[in-house]
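Asks: Contents of data.txt (compact mmCIF, C-alpha atoms) are given next:
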```
# COMPACT_ATOMS: atom_id res chain seq x y z
CA MET A 607 150.50 111.18 211.69
CA PRO A 608 147.20 109.35 212.43
CA ILE A 609 145.32 107.78 209.53
CA PHE A 610 141.94 109.03 210.78
CA ASP A 611 141.19 112.44 212.16
CA THR A 612 139.39 112.18 215.51
CA GLY A 613 137.57 115.47 214.95
CA ARG A 614 134.19 115.94 213.38
CA TRP A 615 133.85 114.32 209.96
CA PRO A 616 132.23 116.43 207.25
CA SER A 617 129.23 115.43 205.21
CA ILE A 618 130.07 113.32 202.15
CA ALA A 619 127.42 115.25 200.24
CA ASP A 620 127.00 119.00 200.36
CA ARG A 621 124.14 119.82 202.74
CA ASP A 622 123.23 123.03 200.91
CA ASP A 623 123.18 121.25 197.53
CA LEU A 624 120.83 118.57 198.91
CA LYS A 625 118.61 121.24 200.47
CA ASP A 626 118.51 123.00 197.10
CA VAL A 627 117.65 119.76 195.23
CA ILE A 628 114.84 118.99 197.68
CA SER A 629 113.46 122.53 197.34
CA ARG A 630 113.62 122.45 193.53
CA ILE A 631 111.74 119.13 193.42
CA LEU A 632 109.06 120.43 195.77
CA ASP A 633 108.74 123.75 193.94
CA ALA A 634 108.43 122.16 190.47
CA GLY A 635 104.67 121.71 190.64
CA PRO A 636 101.75 123.55 192.21
CA ASN A 637 100.54 120.57 194.26
CA PHE A 638 103.34 118.10 194.83
CA ASP A 639 101.30 115.80 197.13
CA ALA A 640 98.65 115.28 194.43
CA SER A 641 101.27 113.94 191.98
CA PHE A 642 103.24 111.90 194.53
CA TYR A 643 101.93 108.48 193.38
CA GLN A 644 101.38 106.72 190.07
CA ALA A 645 97.80 105.97 189.13
CA GLY A 646 96.47 102.57 188.20
CA ALA A 647 97.95 99.09 188.22
CA PHE A 648 101.62 98.43 188.89
CA VAL A 649 103.45 97.20 185.82
CA GLY A 650 106.44 94.88 185.96
CA GLY A 651 105.34 92.17 188.35
CA PHE A 652 107.88 93.06 191.04
CA ALA A 653 108.22 95.60 193.80
CA CYS A 654 110.26 98.76 193.23
CA GLN A 655 112.25 101.12 195.40
CA GLY A 656 109.90 103.61 197.01
CA ASP A 657 106.83 101.37 196.81
CA ILE A 658 104.42 101.47 199.73
CA VAL A 659 103.79 97.91 200.89
CA ARG A 660 100.98 96.59 203.04
CA LEU A 661 102.61 94.25 205.54
CA SER A 662 101.62 93.87 209.18
CA SER A 663 104.78 93.27 211.15
CA ALA A 664 106.76 94.57 214.07
CA ALA A 665 110.33 95.71 213.47
CA PRO A 666 113.21 93.50 214.56
CA CYS A 667 116.14 95.12 216.33
CA ILE A 668 118.98 94.39 218.72
CA ASP A 669 118.35 95.56 222.29
CA ALA A 670 120.73 97.13 224.82
CA SER A 671 121.87 93.65 225.91
CA GLY A 672 122.78 92.65 222.37
CA ASN A 673 119.79 90.33 222.01
CA ALA A 674 117.57 90.15 218.95
CA ILE A 675 114.06 91.32 219.78
CA VAL A 676 110.91 92.38 217.99
CA THR A 677 109.47 95.77 218.90
CA ASP A 678 106.08 96.05 220.59
CA VAL A 679 104.64 98.15 217.77
CA THR A 680 103.12 96.54 214.69
CA PHE A 681 103.41 98.57 211.51
CA ASN A 682 100.86 97.99 208.74
CA HIS A 683 102.72 99.74 205.93
CA TRP A 684 106.36 99.91 204.91
CA MET A 685 108.42 101.55 202.17
CA ILE A 686 110.93 99.61 200.09
CA LEU A 687 114.33 101.30 200.36
CA GLY A 688 116.39 98.62 198.59
CA ASN A 689 117.27 99.22 194.95
CA THR A 690 114.74 98.18 192.32
CA CYS A 691 117.39 96.17 190.48
CA ASP A 692 118.02 94.12 193.64
CA MET A 693 114.28 93.53 194.02
CA HIS A 694 114.21 92.20 190.44
CA ARG A 695 117.34 90.00 190.61
CA VAL A 696 116.68 86.35 191.42
CA ASP A 697 120.12 85.85 193.00
CA GLU A 698 119.39 88.49 195.67
CA LEU A 699 117.22 86.98 198.38
CA ARG A 700 116.69 90.07 200.54
CA SER A 701 116.14 93.80 200.39
CA GLN A 702 115.56 96.66 202.80
CA ILE A 703 112.34 98.25 203.99
CA ALA A 704 111.43 100.80 206.65
CA PRO A 705 108.14 101.23 208.51
CA LEU A 706 105.62 103.98 207.90
CA VAL A 707 104.70 105.62 211.17
CA GLY A 708 101.22 107.14 211.24
CA LEU A 709 101.13 110.64 212.70
CA ALA A 710 98.63 111.69 215.33
CA GLU A 711 96.07 114.00 213.79
CA PRO A 712 95.43 116.88 213.67
CA LEU A 713 98.86 118.32 212.98
CA GLN A 714 99.63 121.95 213.67
CA ASP A 715 100.22 124.05 210.55
CA GLU A 716 103.93 124.60 211.28
CA GLN A 717 104.44 120.85 211.88
CA LEU A 718 102.81 119.95 208.57
CA ARG A 719 104.76 122.69 206.74
CA ALA A 720 108.08 121.32 208.08
CA LEU A 721 107.09 117.78 207.06
CA ARG A 722 106.04 118.83 203.55
CA ARG A 723 109.29 120.77 203.12
CA TYR A 724 111.27 117.64 204.18
CA GLU A 725 113.17 119.52 206.86
CA TYR A 726 113.96 116.44 208.97
CA SER A 727 116.88 114.17 208.08
CA ARG A 728 115.82 110.96 209.84
CA GLN A 729 112.31 110.73 208.41
CA PHE A 730 110.67 110.95 205.01
CA TYR A 731 107.18 112.45 204.86
CA VAL A 732 104.61 110.32 202.99
CA PRO A 733 101.23 111.84 202.11
CA ALA A 734 98.17 109.64 202.01
CA TRP A 735 98.14 107.41 198.93
CA PRO A 736 95.09 106.73 196.73
CA ASP A 737 92.72 104.16 198.20
CA ALA A 738 94.43 104.30 201.62
CA ALA A 739 92.18 102.80 204.29
CA GLU A 740 93.18 105.65 206.60
CA PRO A 741 94.01 108.79 204.62
CA LYS A 742 96.49 110.28 207.05
CA HIS A 743 100.04 111.54 207.15
CA HIS A 744 102.93 109.11 207.61
CA LEU A 745 106.69 109.21 208.02
CA VAL A 746 109.17 106.61 206.83
CA ASP A 747 111.46 106.04 209.80
CA PHE A 748 115.02 105.77 208.44
CA MET A 749 116.18 104.76 211.94
CA GLN A 750 114.28 101.45 211.64
CA ILE A 751 115.50 100.06 208.31
CA VAL A 752 115.17 96.27 208.33
CA THR A 753 115.85 93.39 205.97
CA ILE A 754 113.00 91.54 204.28
CA GLU A 755 113.06 88.21 202.47
CA LYS A 756 111.84 88.95 198.96
CA ALA A 757 109.85 85.71 199.06
CA ALA A 758 107.34 87.64 201.22
CA PHE A 759 106.24 89.39 198.02
CA ARG A 760 105.79 86.12 196.14
CA GLU A 761 103.92 84.56 199.06
CA ASP A 762 101.53 87.53 199.09
CA CYS A 763 102.46 88.50 202.66
CA ALA A 764 103.64 91.87 201.38
CA ARG A 765 101.54 93.61 198.75
CA VAL A 766 102.36 96.85 196.91
CA VAL A 767 99.58 99.40 197.47
CA ALA A 768 101.18 102.55 196.02
CA ARG A 769 104.06 103.43 193.71
CA LEU A 770 105.90 106.76 193.61
CA GLN A 771 106.08 108.92 190.52
CA PHE A 772 109.55 109.95 189.38
CA PRO A 773 109.73 113.33 191.21
CA ALA A 774 108.72 111.69 194.51
CA TRP A 775 111.26 108.90 193.93
CA ALA A 776 113.99 111.50 193.25
CA LEU A 777 112.98 113.28 196.46
CA LEU A 778 113.28 109.98 198.36
CA HIS A 779 116.82 109.59 197.00
CA ALA A 780 117.82 113.10 198.04
CA CYS A 781 116.45 112.48 201.54
CA LEU A 782 118.19 109.09 201.80
CA VAL A 783 121.51 110.61 200.76
CA ARG A 784 121.01 113.43 203.26
CA TYR A 785 120.33 110.87 206.00
CA LEU A 786 123.16 108.48 205.15
CA ALA A 787 125.83 111.04 204.24
CA ARG A 788 125.17 113.83 206.75
CA ASP A 789 128.02 115.08 208.91
CA ASP A 790 128.49 112.94 211.98
CA GLY A 791 127.50 115.57 214.55
CA ARG A 792 129.35 113.74 217.31
CA PHE A 793 130.17 116.96 219.17
CA ASP A 794 126.76 118.67 218.75
```
When written as structure tokens, how does the structure in this file appear?

Replies:
Amino acid sequence: MPIFDTGRWPSIADRDDLKDVISRILDAGPNFDASFYQAGAFVGGFACQGDIVRLSSAAPCIDASGNAIVTDVTFNHWMILGNTCDMHRVDELRSQIAPLVGLAEPLQDEQLRALRRYEYSRQFYVPAWPDAAEPKHHLVDFMQIVTIEKAAFREDCARVVARLQFPAWALLHACLVRYLARDDGRFD
């Protein structure tokens, strides 16, 4: 008997439960976008999971030949996906971030509705944050998660510009779990 089944692997998390959690978070308040971010200064002196960071950089990746490259696109904002405790620990030198991709405006109503209902598993919708230079819609691209040296925050290369409130942070978690633990879909 083989150790691993070669058929389709199921999700590690129940898709319907995650969909329900996402819906309950979104339905909890009348205007979820308006309460997405914390107001005022950021307390604690370190970056947290879910923070929006101003950092102009292209994304590194490995190309089809197995060579390390840097993409042609420069992203100006990123979201921290690494755990807050790892950002705070001095013995951890790195964490994970993903770029925010600005969406071409104007969006059609059905496109914006799908984004605001978090219907896509590979992206996380991010509404404009307070004091954004360009108040437009963004997506965090989970397919471009990269490692960052935490020293970039101490050297002022990366600066936190917005911090999520708890419901938005919980929504980020539900969407990350949905992305990372979805069924493999290899035969779709």

Asks: Got a sec: who's within 7 Å of stretch 762-767 of chain A, counting all atoms listed in the file, leaving out chain neighbours fewer than 4 positions off, as a PDB file with C-alpha atoms, keeping the file's coordinate frame?

Replies:
```pdb
ATOM      1  CA  ALA A 653     108.220  95.600 193.800  1.00  0.00           C
ATOM      2  CA  ASP A 657     106.830 101.370 196.810  1.00  0.00           C
ATOM      3  CA  ILE A 658     104.420 101.470 199.730  1.00  0.00           C
ATOM      4  CA  VAL A 659     103.790  97.910 200.890  1.00  0.00           C
ATOM      5  CA  ARG A 660     100.980  96.590 203.040  1.00  0.00           C
ATOM      6  CA  LEU A 661     102.610  94.250 205.540  1.00  0.00           C
ATOM      7  CA  ALA A 758     107.340  87.640 201.220  1.00  0.00           C
TER       8      ALA A 758
END
```

Asks: Any idea what's packed within 9 Å of A:Phe652, counting all atoms listed in the file, ignoring anything in its chain fewer than 6 positions away? Could you give it as a ChimeraX atom specification?

Replies: /A:690,693-694,759-760,766

Asks: Within 7 Å of (115.5, 101.7, 207.3) (coordinates as in the file), grab all the protein and nucleic acid residues, counting only C-alpha atoms, and write them out as a VMD selection string.

Replies: chain A and resid 702 to 704 747 to 752

Asks: What is the distance between atom CA of A:Phe642 and atom CA of A:Ala776, in Å to one decimal?

Replies: 10.8 Å

Asks: Using only C-alpha atoms, which of the listed residues (A:Leu699, A:Ala640, A:Leu632, A:Ala774) sits closest to A:Arg719?

Replies: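 The answer is A:Leu632, which sits nearest to A:Arg719.
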
Asks: Here is a test: counting all atoms listed in the file, which residue of A:Ala664, A:Ala739, A:Ala768, A:Cys654 is nearest to A:Asn689?

Replies: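 Among the listed residues, A:Cys654 lies closest to A:Asn689.
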
Asks: Measuring atom to atom with only C-alpha atoms, identify which of A:His743, A:Ser641, A:Glu698, A:Arg630 is nearest to A:Gln717.

Replies: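 Using only C-alpha atoms, the shortest distance to A:Gln717 belongs to A:His743.
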
Asks: Could you pull out every residue with an atom within 7 Å of (114.4, 86.7, 199.7), file coordinates, counting only C-alpha atoms, and send them as a ChimeraX atom specification?

Replies: /A:698-700,754-757

Asks: I want to know what sits within 8 Å of A:Leu706, based on all atoms listed in the file, with residues of the same chain fewer than 4 positions away left out; could you give that as a ChimeraX atom specification?

Replies: /A:681-685,744-747
